[in-house]
Amino acid sequence: MRKEVKILRLRSASLANANKLLKQRISLLAVENKTLKAQLREHDQLIKSLEKELVNLKNQKKTYTGMIFKSNVAKNTESLRGKNFGYKGSSRFNPKNIDEVITVKCDVCPDCGSKLKLYNGVYEHIVEDIVLPVKKTKVIKYLKCRQYCPCCKKEVIAVHENEIPNSSFGPAISAMILMLKYEVNVTLPKIKYLLSTLFGIDITIPGIQSQLSVSKRHFEKAYSEILTDIRASPVKHAPDFCDLVRFSGVDTFS
């Protein structure tokens with residue numbers, strides 16, 4: 001009897017252990033099944049999106065095929081170029097002043113090499129071009145007299161009307177830099193290239209930035225006066241105000 005009880009206990013322990021292992025395996029399979037279901041849902045969504053994209057591509061293909069390969073196109077249906085009938089024509093007139101006249105002729109025929117003969121008549125071809133550098137810069141030396149005011153007891157140094165204080169360049173170059181920077185939105189390296197190529201002006205990028213600062217200080221008083229008048233005016237116009245800010249040299253738009 002005891003032997004049978006012992007055998008039953010061993011079988012019960014073995015079955016309990018097997019049951020425990022089966023439960024662990026079932027839990028692992030449940031987790032794996034959940035993961036596979038999530039992956040399956042993602043794959044289904046991906047397949048649906050790809051099918052939708054495929055339909056769109058097929059529709060685009062049909063559209064482009066109809067645009068490129070057109071059958072039974074009617075001949076001689078092209079419309080005439082230019083404006084409609086009744087519009088006044090416009091064209092560029094030749095310059096009135098001719099700076100230079102150049103006679104062009106060949107000594108031999110470019111095709112066979114035979115000598116050419118002259119006969120009456122010429123063909124005129126008028127060309128307008130830019131001569132680089134556009135114009136030589138004008139260098140001015142200002143001899144600034146040292147003067148003394150006995151009333152204020154200080155030295156007075158006059159400033160010429162075409163002179164910008166603390167600037168190595170004149171008003172024309174300063175205006176050119178301001179226009180390129182704030183009106184045309186040209187970068188500083190390109191401004192340096194344009195000034196060097198067109199006018200032969202040797203200036204560095206820090207020099208251009210310094211010139212912008214000098215122009216800002218130079219126009220600061222006039223800008224403040226204009227701004228005060230605008231604020232006191234009953235009517236204000238935003239674009240003009242923006243132009244004044246650009247003209248002042250303040251980089252508020254970058």
# chains A, B, ... in the order shown; residues from 1 in each chain; ligands from 1
call {"tool": "residues_around", "arguments": {"residues": "A:Ile98", "least_positions_apart": "5", "cutoff": "12 Å", "atoms": "only C-alpha atoms", "output": "PDB file with N, CA and C atoms, in the first residue's frame"}}
result
ATOM      1  N   HIS A 125      25.264  96.776 -88.319  1.00  0.00           N
ATOM      2  CA  HIS A 125      24.964  96.000 -87.114  1.00  0.00           C
ATOM      3  C   HIS A 125      25.373  96.850 -85.914  1.00  0.00           C
ATOM      4  N   ILE A 126      24.392  97.430 -85.236  1.00  0.00           N
ATOM      5  CA  ILE A 126      24.655  98.327 -84.114  1.00  0.00           C
ATOM      6  C   ILE A 126      24.562  97.528 -82.822  1.00  0.00           C
ATOM      7  N   VAL A 127      25.619  97.580 -82.034  1.00  0.00           N
ATOM      8  CA  VAL A 127      25.721  96.817 -80.789  1.00  0.00           C
ATOM      9  C   VAL A 127      25.995  97.784 -79.648  1.00  0.00           C
ATOM     10  N   GLU A 128      25.258  97.628 -78.562  1.00  0.00           N
ATOM     11  CA  GLU A 128      25.489  98.411 -77.348  1.00  0.00           C
ATOM     12  C   GLU A 128      26.027  97.483 -76.273  1.00  0.00           C
ATOM     13  N   ASP A 129      27.146  97.844 -75.691  1.00  0.00           N
ATOM     14  CA  ASP A 129      27.807  96.961 -74.736  1.00  0.00           C
ATOM     15  C   ASP A 129      28.350  97.778 -73.569  1.00  0.00           C
TER      16      ASP A 129
END
call {"tool": "closest_atom_pairs", "arguments": {"of": "stretch 85-154 of chain A", "to": "stretch 167-178 of chain A", "cutoff": "12 Å", "atoms": "only C-alpha atoms", "output": "CSV"}}
result
residue,atom,partner,partner_atom,distance
A:Thr137,CA,A:Ile173,CA,9.6
A:Lys138,CA,A:Gly170,CA,9.2
A:Val139,CA,A:Phe169,CA,9.0
A:Ile140,CA,A:Gly170,CA,9.0
A:Lys141,CA,A:Ser168,CA,10.6
A:Tyr142,CA,A:Ser168,CA,11.4
call {"tool": "write_last_selection", "arguments": {"atoms": "N, CA and C atoms", "output": "short mmCIF file (atom, residue, chain, number, x, y, z; two decimals), in the first residue's frame"}}
result
data_model
loop_
_atom_site.label_atom_id
_atom_site.label_comp_id
_atom_site.auth_asym_id
_atom_site.auth_seq_id
_atom_site.Cartn_x
_atom_site.Cartn_y
_atom_site.Cartn_z
N THR A 137 37.55 104.74 -60.96
CA THR A 137 37.17 105.44 -59.74
C THR A 137 37.93 106.75 -59.60
N LYS A 138 37.32 107.69 -58.95
CA LYS A 138 37.91 109.01 -58.74
C LYS A 138 38.39 109.09 -57.29
N VAL A 139 39.68 109.29 -57.11
CA VAL A 139 40.27 109.37 -55.78
C VAL A 139 40.45 110.84 -55.41
N ILE A 140 39.89 111.23 -54.30
CA ILE A 140 39.92 112.63 -53.85
C ILE A 140 40.64 112.68 -52.51
N LYS A 141 41.57 113.62 -52.40
CA LYS A 141 42.24 113.87 -51.13
C LYS A 141 41.69 115.17 -50.55
N TYR A 142 41.10 115.08 -49.38
CA TYR A 142 40.57 116.25 -48.70
C TYR A 142 41.63 116.78 -47.73
#
call {"tool": "select_by_dssp", "arguments": {"residues": "stretch 107-204 of chain A", "states": "helix (DSSP H, G or I)", "output": "VMD selection string"}}
result
chain A and resid 171 to 183 188 to 199
call {"tool": "residues_around", "arguments": {"residues": "A:Cys145", "least_positions_apart": "6", "cutoff": "12 Å", "atoms": "only C-alpha atoms", "output": "list in words"}}
result
Glu155, Val156, Ile157, Ala158, Val159 and His160 of chain A
call {"tool": "residues_around", "arguments": {"residues": "A:His218", "least_positions_apart": "2", "cutoff": "12 Å", "atoms": "only C-alpha atoms", "output": "number ranges by chain"}}
result
A: 163-167, 171, 174-175, 211-216, 220-224, 247-250
call {"tool": "atom_distance", "arguments": {"atom1": "atom CA of A:Arg146", "atom2": "atom CA of A:Arg217"}}
result
23.7 Å
call {"tool": "select_by_dssp", "arguments": {"residues": "stretch 33-199 of chain A", "states": "strand (DSSP E or B)", "output": "PyMOL selection string"}}
result
chain A and resi 108+115+146-149+154-157
call {"tool": "closest_residue", "arguments": {"among": "A:Pro206, A:Thr63, A:Tyr119, A:Glu124", "to": "A:Asn94", "atoms": "only C-alpha atoms"}}
result
A:Glu124
call {"tool": "atom_distance", "arguments": {"atom1": "atom CA of A:Met179", "atom2": "atom CA of A:Phe219"}}
result
14.4 Å
